[in-house]
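Shown next: target.csv, given as CSV, C-alpha atoms and all ligand atoms.
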chain,number,residue,atom,x,y,z
Q,1,MET,CA,20.2,-84.6,10.2
Q,2,GLU,CA,20.7,-81.7,12.6
Q,3,SER,CA,18.5,-78.7,11.8
Q,4,PHE,CA,19.2,-75.1,12.7
Q,5,LYS,CA,16.2,-73.8,14.5
Q,6,VAL,CA,15.0,-70.7,12.8
Q,7,THR,CA,12.6,-68.4,14.5
Q,8,LEU,CA,11.4,-64.8,14.1
Q,9,GLU,CA,13.8,-63.9,16.8
Q,10,THR,CA,16.6,-65.2,14.7
Q,11,PHE,CA,15.8,-62.8,11.9
Q,12,PRO,CA,13.8,-60.0,13.5
Q,13,ILE,CA,11.6,-58.2,11.0
Q,14,SER,CA,12.2,-54.5,10.6
Q,15,TYR,CA,10.1,-52.5,8.2
Q,16,GLY,CA,11.1,-49.1,6.9
Q,17,MET,CA,14.2,-48.7,9.0
Q,18,LYS,CA,15.0,-45.0,8.7
Q,19,LYS,CA,18.3,-44.5,10.3
Q,20,SER,CA,21.5,-46.4,10.9
Q,21,GLY,CA,24.4,-44.4,12.4
Q,22,ASN,CA,24.7,-41.3,10.4
Q,23,ILE,CA,23.0,-42.8,7.4
Q,24,ILE,CA,19.3,-41.9,6.7
Q,25,ASP,CA,17.2,-44.0,4.4
Q,26,ILE,CA,15.0,-41.7,2.3
Q,27,SER,CA,13.5,-44.4,0.1
Q,28,LEU,CA,10.0,-45.8,0.2
Q,29,SER,CA,9.5,-49.4,1.1
Q,30,ILE,CA,8.3,-51.5,-1.8
Q,31,HIS,CA,5.3,-53.7,-1.2
Q,32,LYS,CA,2.1,-54.7,-3.0
Q,33,SER,CA,-0.2,-52.2,-1.3
Q,34,MET,CA,2.2,-49.1,-1.6
Q,35,ILE,CA,1.0,-46.0,-3.4
Q,36,THR,CA,1.7,-45.8,-7.2
Q,37,TYR,CA,1.2,-43.0,-9.7
Q,38,PRO,CA,-2.4,-43.1,-11.0
Q,39,GLY,CA,-2.5,-45.7,-13.9
Q,40,TYR,CA,0.8,-47.3,-13.1
Q,41,SER,CA,1.0,-50.9,-12.0
Q,42,HIS,CA,1.0,-51.9,-8.4
Q,43,PRO,CA,3.9,-54.1,-7.5
Q,44,LYS,CA,3.1,-57.8,-7.8
Q,45,ILE,CA,5.2,-60.1,-5.7
Q,46,LYS,CA,4.8,-63.9,-5.9
Q,47,HIS,CA,6.8,-65.8,-3.4
Q,48,LYS,CA,7.9,-69.3,-4.4
Q,49,TRP,CA,9.3,-71.9,-2.1
Q,50,TRP,CA,11.6,-74.5,-3.7
Q,51,SER,CA,12.8,-77.6,-1.9
Q,52,THR,CA,15.4,-75.7,0.1
Q,53,THR,CA,15.2,-72.0,-0.9
Q,54,ALA,CA,12.7,-69.3,-1.7
Q,55,ASP,CA,12.6,-66.8,-4.5
Q,56,SER,CA,10.1,-64.2,-5.6
Q,57,GLU,CA,8.7,-63.2,-8.9
Q,58,ILE,CA,8.4,-59.4,-9.0
Q,59,THR,CA,6.4,-57.3,-11.4
Q,60,LEU,CA,7.0,-53.5,-11.1
Q,61,SER,CA,6.4,-50.3,-12.9
Q,62,SER,CA,9.8,-48.7,-13.7
Q,63,HIS,CA,8.5,-45.7,-11.7
Q,64,THR,CA,7.7,-47.5,-8.5
Q,65,GLY,CA,8.4,-45.8,-5.2
Q,66,THR,CA,11.6,-44.0,-4.9
Q,67,HIS,CA,13.0,-44.0,-8.4
Q,68,VAL,CA,15.2,-42.2,-11.0
Q,69,THR,CA,13.5,-41.1,-14.2
Q,70,SER,CA,15.6,-40.8,-17.4
Q,71,PRO,CA,15.0,-38.9,-20.7
Q,72,ARG,CA,13.4,-42.1,-22.2
Q,73,HIS,CA,10.4,-41.3,-20.0
Q,74,LEU,CA,9.6,-38.6,-22.6
Q,75,TYR,CA,11.9,-39.1,-25.5
Q,76,MET,CA,12.1,-42.4,-27.3
Q,77,GLY,CA,15.6,-43.6,-28.2
Q,78,THR,CA,17.4,-41.3,-25.7
Q,79,ARG,CA,19.5,-42.2,-22.8
Q,80,GLY,CA,18.2,-44.8,-20.3
Q,81,VAL,CA,18.5,-44.8,-16.5
Q,82,ASP,CA,21.6,-46.9,-16.6
Q,83,SER,CA,23.6,-44.3,-18.5
Q,84,TYR,CA,23.9,-41.7,-15.8
Q,85,PRO,CA,27.5,-41.4,-14.5
Q,86,LEU,CA,27.7,-42.7,-10.9
Q,87,LYS,CA,29.5,-39.5,-9.9
Q,88,GLN,CA,26.3,-37.6,-10.7
Q,89,LEU,CA,24.2,-39.9,-8.5
Q,90,VAL,CA,26.6,-39.9,-5.6
Q,91,GLY,CA,28.0,-36.8,-3.9
Q,92,PRO,CA,27.2,-33.6,-1.9
Q,93,CYS,CA,23.6,-32.5,-1.8
Q,94,ARG,CA,21.4,-30.0,-0.2
Q,95,VAL,CA,18.0,-30.7,1.3
Q,96,VAL,CA,15.9,-27.6,1.0
Q,97,ASN,CA,12.8,-27.1,3.1
Q,98,PHE,CA,9.8,-26.0,1.0
Q,99,SER,CA,7.2,-27.3,3.6
Q,100,ARG,CA,5.4,-23.9,3.6
Q,101,VAL,CA,4.7,-24.1,-0.2
Q,102,ARG,CA,1.0,-24.9,-0.6
Q,103,LYS,CA,0.6,-25.9,-4.2
Q,104,VAL,CA,3.7,-25.7,-6.3
Q,105,ILE,CA,7.3,-24.6,-5.9
Q,106,THR,CA,7.9,-21.5,-8.0
Q,107,MET,CA,10.9,-19.7,-9.4
Q,108,ASP,CA,10.6,-17.2,-6.6
Q,109,ASP,CA,10.7,-20.0,-4.0
Q,110,LEU,CA,13.9,-21.2,-5.7
Q,111,ARG,CA,15.5,-17.7,-6.0
Q,112,SER,CA,15.2,-17.3,-2.2
Q,113,VAL,CA,17.4,-20.4,-1.5
Q,114,ARG,CA,20.3,-19.4,-3.8
Q,115,ILE,CA,20.7,-22.4,-6.1
Q,116,LYS,CA,24.2,-22.9,-7.3
Q,117,GLN,CA,25.6,-24.6,-10.5
Q,118,GLY,CA,26.2,-28.3,-10.1
Q,119,GLU,CA,24.2,-28.7,-6.9
Q,120,ARG,CA,22.1,-31.7,-6.1
Q,121,ILE,CA,18.9,-30.4,-4.7
Q,122,LEU,CA,16.3,-32.4,-2.8
Q,123,ALA,CA,13.1,-30.5,-2.2
Q,124,LYS,CA,11.3,-31.4,1.0
Q,125,THR,CA,7.7,-30.4,0.9
Q,126,SER,CA,4.5,-31.0,2.9
Q,127,ASN,CA,4.2,-34.3,1.0
Q,128,SER,CA,6.6,-35.9,3.4
Q,129,LYS,CA,4.7,-34.8,6.4
Q,130,ARG,CA,1.4,-36.0,5.0
Q,131,GLY,CA,3.0,-39.3,4.3
Q,132,PHE,CA,2.7,-42.0,1.6
Q,133,ARG,CA,-0.1,-44.3,2.8
Q,134,ARG,CA,-2.4,-43.0,0.1
Q,135,PHE,CA,-2.0,-41.0,-3.1
Q,136,TYR,CA,-3.0,-37.4,-2.8
Q,137,GLY,CA,-3.9,-35.7,-6.2
Q,138,ASP,CA,-2.9,-32.3,-4.9
Q,139,TYR,CA,0.7,-33.2,-4.1
Q,140,VAL,CA,3.3,-30.4,-4.1
Q,141,THR,CA,5.8,-30.3,-6.9
Q,142,ILE,CA,7.5,-27.7,-9.1
Q,143,ASP,CA,6.1,-25.6,-11.9
Q,144,GLY,CA,7.5,-25.2,-15.4
Q,145,ASP,CA,9.2,-21.8,-14.8
Q,146,ALA,CA,10.9,-23.3,-11.7
Q,147,ALA,CA,12.1,-26.2,-13.8
Q,148,ASP,CA,13.5,-23.8,-16.4
Q,149,PHE,CA,15.2,-21.9,-13.6
Q,150,LEU,CA,16.9,-25.1,-12.3
Q,151,ALA,CA,17.9,-26.0,-15.9
Q,152,LYS,CA,19.5,-22.6,-16.4
Q,153,LYS,CA,21.3,-22.9,-13.1
Q,154,LYS,CA,22.8,-26.2,-14.4
Q,155,ILE,CA,22.2,-28.2,-11.3
Q,156,SER,CA,23.1,-31.9,-11.6
Q,157,LEU,CA,20.2,-33.6,-9.7
Q,158,PHE,CA,16.8,-32.7,-8.6
Q,159,GLY,CA,14.8,-34.9,-6.2
Q,160,ILE,CA,11.4,-34.4,-4.7
Q,161,ASP,CA,9.1,-36.2,-2.2
Q,162,ALA,CA,6.4,-36.7,-4.9
Q,163,LEU,CA,5.9,-39.6,-7.3
Q,164,SER,CA,6.1,-37.0,-10.2
Q,165,VAL,CA,7.9,-33.7,-10.7
Q,166,ALA,CA,4.9,-32.6,-12.8
Q,167,LYS,CA,1.4,-32.0,-11.6
Q,168,ASN,CA,-1.2,-34.8,-12.3
Q,169,ASP,CA,-2.8,-34.1,-15.7
Q,170,GLU,CA,-0.6,-31.1,-16.3
Q,171,ALA,CA,-0.3,-30.1,-19.9
Q,172,ASP,CA,2.9,-28.2,-19.2
Q,173,LEU,CA,5.6,-30.9,-19.0
Q,174,ARG,CA,8.6,-28.5,-18.5
Q,175,ALA,CA,9.1,-30.0,-15.1
Q,176,TYR,CA,10.4,-33.0,-17.0
Q,177,THR,CA,11.5,-31.7,-20.3
Q,178,SER,CA,13.6,-28.7,-19.0
Q,179,LEU,CA,15.5,-30.9,-16.6
Q,180,LEU,CA,15.9,-34.0,-18.8
Q,181,LYS,CA,17.1,-32.0,-21.8
Q,182,LYS,CA,20.0,-30.8,-19.6
Q,183,ASN,CA,20.7,-34.3,-18.4
Q,184,ILE,CA,19.7,-33.3,-14.8
Q,185,VAL,CA,18.9,-36.5,-12.9
Q,186,ILE,CA,15.3,-36.6,-11.6
Q,187,VAL,CA,14.6,-38.5,-8.4
Q,188,GLU,CA,11.0,-39.0,-7.5
Q,189,GLY,CA,9.2,-40.6,-4.6
Q,190,LEU,CA,11.7,-39.6,-1.9
Q,191,ASN,CA,10.6,-39.8,1.7
Q,192,LEU,CA,12.0,-36.8,3.6
Q,193,GLU,CA,10.0,-37.1,6.7
Q,194,GLY,CA,12.1,-36.2,9.7
Q,195,VAL,CA,15.0,-35.1,7.5
Q,196,SER,CA,16.3,-31.6,8.4
Q,197,ALA,CA,17.2,-29.1,5.8
Q,198,GLY,CA,21.0,-28.8,5.2
Q,199,LYS,CA,24.0,-30.4,3.6
Q,200,TYR,CA,24.5,-34.1,3.2
Q,201,THR,CA,26.2,-36.7,1.0
Q,202,LEU,CA,23.6,-38.4,-1.2
Q,203,VAL,CA,23.8,-41.9,-2.6
Q,204,VAL,CA,21.0,-42.8,-5.0
Q,205,LEU,CA,21.5,-45.8,-7.1
Q,206,PRO,CA,18.8,-46.9,-9.6
Q,207,LEU,CA,18.8,-50.6,-10.5
Q,208,SER,CA,20.8,-51.0,-13.7
Q,209,PHE,CA,18.0,-51.9,-16.1
Q,210,ARG,CA,19.4,-51.5,-19.6
Q,211,SER,CA,18.1,-48.4,-21.5
Q,212,LEU,CA,15.0,-48.0,-19.4
Q,213,ASP,CA,12.8,-44.9,-18.8
Q,214,GLY,CA,13.2,-45.2,-15.1
Q,215,ALA,CA,14.1,-47.6,-12.3
Q,216,PRO,CA,13.5,-48.0,-8.6
Q,217,ALA,CA,16.4,-46.8,-6.4
Q,218,ARG,CA,17.6,-47.0,-2.9
Q,219,ALA,CA,18.5,-43.5,-1.7
Q,220,VAL,CA,20.3,-42.6,1.4
Q,221,LEU,CA,21.7,-39.4,3.0
Q,222,MET,CA,24.8,-39.2,5.1
Q,223,LYS,CA,25.3,-36.4,7.5
Q,224,LYS,CA,28.9,-35.4,8.2
Q,225,SER,CA,29.8,-36.3,11.7
Q,226,SER,CA,30.6,-33.2,13.8
Q,227,SER,CA,34.0,-34.5,14.8
Q,301,ZN,ZN,9.1,-41.3,-12.7
As structure tokens, what does this structure read like?
Ligand SMILES: [Zn+2]
Amino acid sequence: MESFKVTLETFPISYGMKKSGNIIDISLSIHKSMITYPGYSHPKIKHKWWSTTADSEITLSSHTGTHVTSPRHLYMGTRGVDSYPLKQLVGPCRVVNFSRVRKVITMDDLRSVRIKQGERILAKTSNSKRGFRRFYGDYVTIDGDAADFLAKKKISLFGIDALSVAKNDEADLRAYTSLLKKNIVIVEGLNLEGVSAGKYTLVVLPLSFRSLDGAPARAVLMKKSSS
């Protein structure tokens, strides 16, 4: 029986490919030693080789890496991650640079960038520059007043380069509650390193787990070509 010679050259390995044409991957790569939110499970990936094929058994937190968080994260019996309309997850978006913010994005920071109704806003902070090799407890996110402001503005999606929109051990959970009560999509764990501020088309598609509090997603930005 003739066998097809398979080498590493046949299928070159590429980790964390960031750009392909005008498409930029803003998702974190999922692997067993990636960072997770404190207390949440690390991915467990068990490879199995059958007689002719391989498959892998995967155990993940629903809030692993780049992911969408749904109202069920805080409110039992409410909508799950599979219930967001696709048109809310895909469409025009704006990457806003908050890299100078030291601790937390405030209402004043948001006022200065003129948020409009219906916008998809991705907040790029110093988290992306610091990278995601280890978890930093002092990650930058938004405060409760800023979340209230976004909710009042009726944006459709808010994404950030932190594993949580709320501070670690924060008693004020408005960063979640204000957004989720208005059905604003929350995307956490984005990697916006090397992404310039500006307008893009966003595609963020959480895996379609039924009625779940969150799910990992692949997120990409597409820049309009200048032609
Ligand atoms: Zn989450």
Can you work out which residues are within 12 Å of ligand ZN 301 (chain Q), considering all atoms listed in the file, and then hand them over as a ChimeraX atom specification?
/Q:36-38,40,61-74,81,159-166,175-176,180,185-190,206,212-217
Name the residues within 8 Å of (9.5, -18.5, -7.6), counting all atoms listed in the file in the file's coordinates, and put them as a compact mmCIF listing (two decimals) with C-alpha atoms, in the coordinates of the input.
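Final file, result04.txt:
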# COMPACT_ATOMS: atom_id res chain seq x y z
CA ILE Q 105 7.30 -24.60 -5.90
CA THR Q 106 7.90 -21.50 -8.00
CA MET Q 107 10.90 -19.70 -9.40
CA ASP Q 108 10.60 -17.20 -6.60
CA ASP Q 109 10.70 -20.00 -4.00
CA LEU Q 110 13.90 -21.20 -5.70
CA ARG Q 111 15.50 -17.70 -6.00
CA SER Q 112 15.20 -17.30 -2.20
CA ASP Q 145 9.20 -21.80 -14.80
CA ALA Q 146 10.90 -23.30 -11.70
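What separates atom CA of Ala54 of chain Q from atom CA of Ser33 of chain Q is a distance of 21.4 Å.
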Which value, in Å to one decimal, gives the distance between atom CA of Asn168 of chain Q and atom CA of Thr141 of chain Q?
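According to the coordinates, atom CA of Asn168 of chain Q and atom CA of Thr141 of chain Q are separated by 9.9 Å.
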Selected residue, from Q:Arg120, Q:Ser211, Q:Asp169, Q:Arg218, that lies nearest to Lys87 of chain Q when counting only C-alpha atoms
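Distance minimum relative to Lys87 of chain Q lands on Q:Arg120.
Distances to Tyr75 of chain Q were evaluated for Q:Arg210, Q:Lys181, Q:Leu202, Q:Thr52 using all atoms listed in the file, and the minimum falls at Q:Lys181.
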Distance query Ser178 of chain Q at most 12 Å, all atoms listed in the file, self and fewer than 4 positions along chain excluded, as a list of chain:residue names
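So the residues in contact are Q:Pro71, Q:Leu74, Q:Ile142, Q:Asp143, Q:Gly144, Q:Asp145, Q:Ala146, Q:Ala147, Q:Asp148, Q:Phe149, Q:Leu150, Q:Ala151, Q:Lys152, Q:Lys153, Q:Lys154, Q:Ile155, Q:Phe158, Q:Val165, Q:Ala166, Q:Asp172, Q:Leu173, Q:Arg174, Q:Lys182, Q:Asn183, Q:Ile184, Q:Val185, Q:Ile186.
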Sel. within 7 Å of pt (3.3, -29.6, -2.0), counting all atoms listed in the file, output as a PyMOL selection string:
chain Q and resi 101-104+125-127+139-141
Calculate how many Å separate atom CA of Val95 of chain Q from atom CA of Lys18 of chain Q, rounding to one decimal.
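Atom-to-atom, atom CA of Val95 of chain Q and atom CA of Lys18 of chain Q are spaced 16.4 Å apart.
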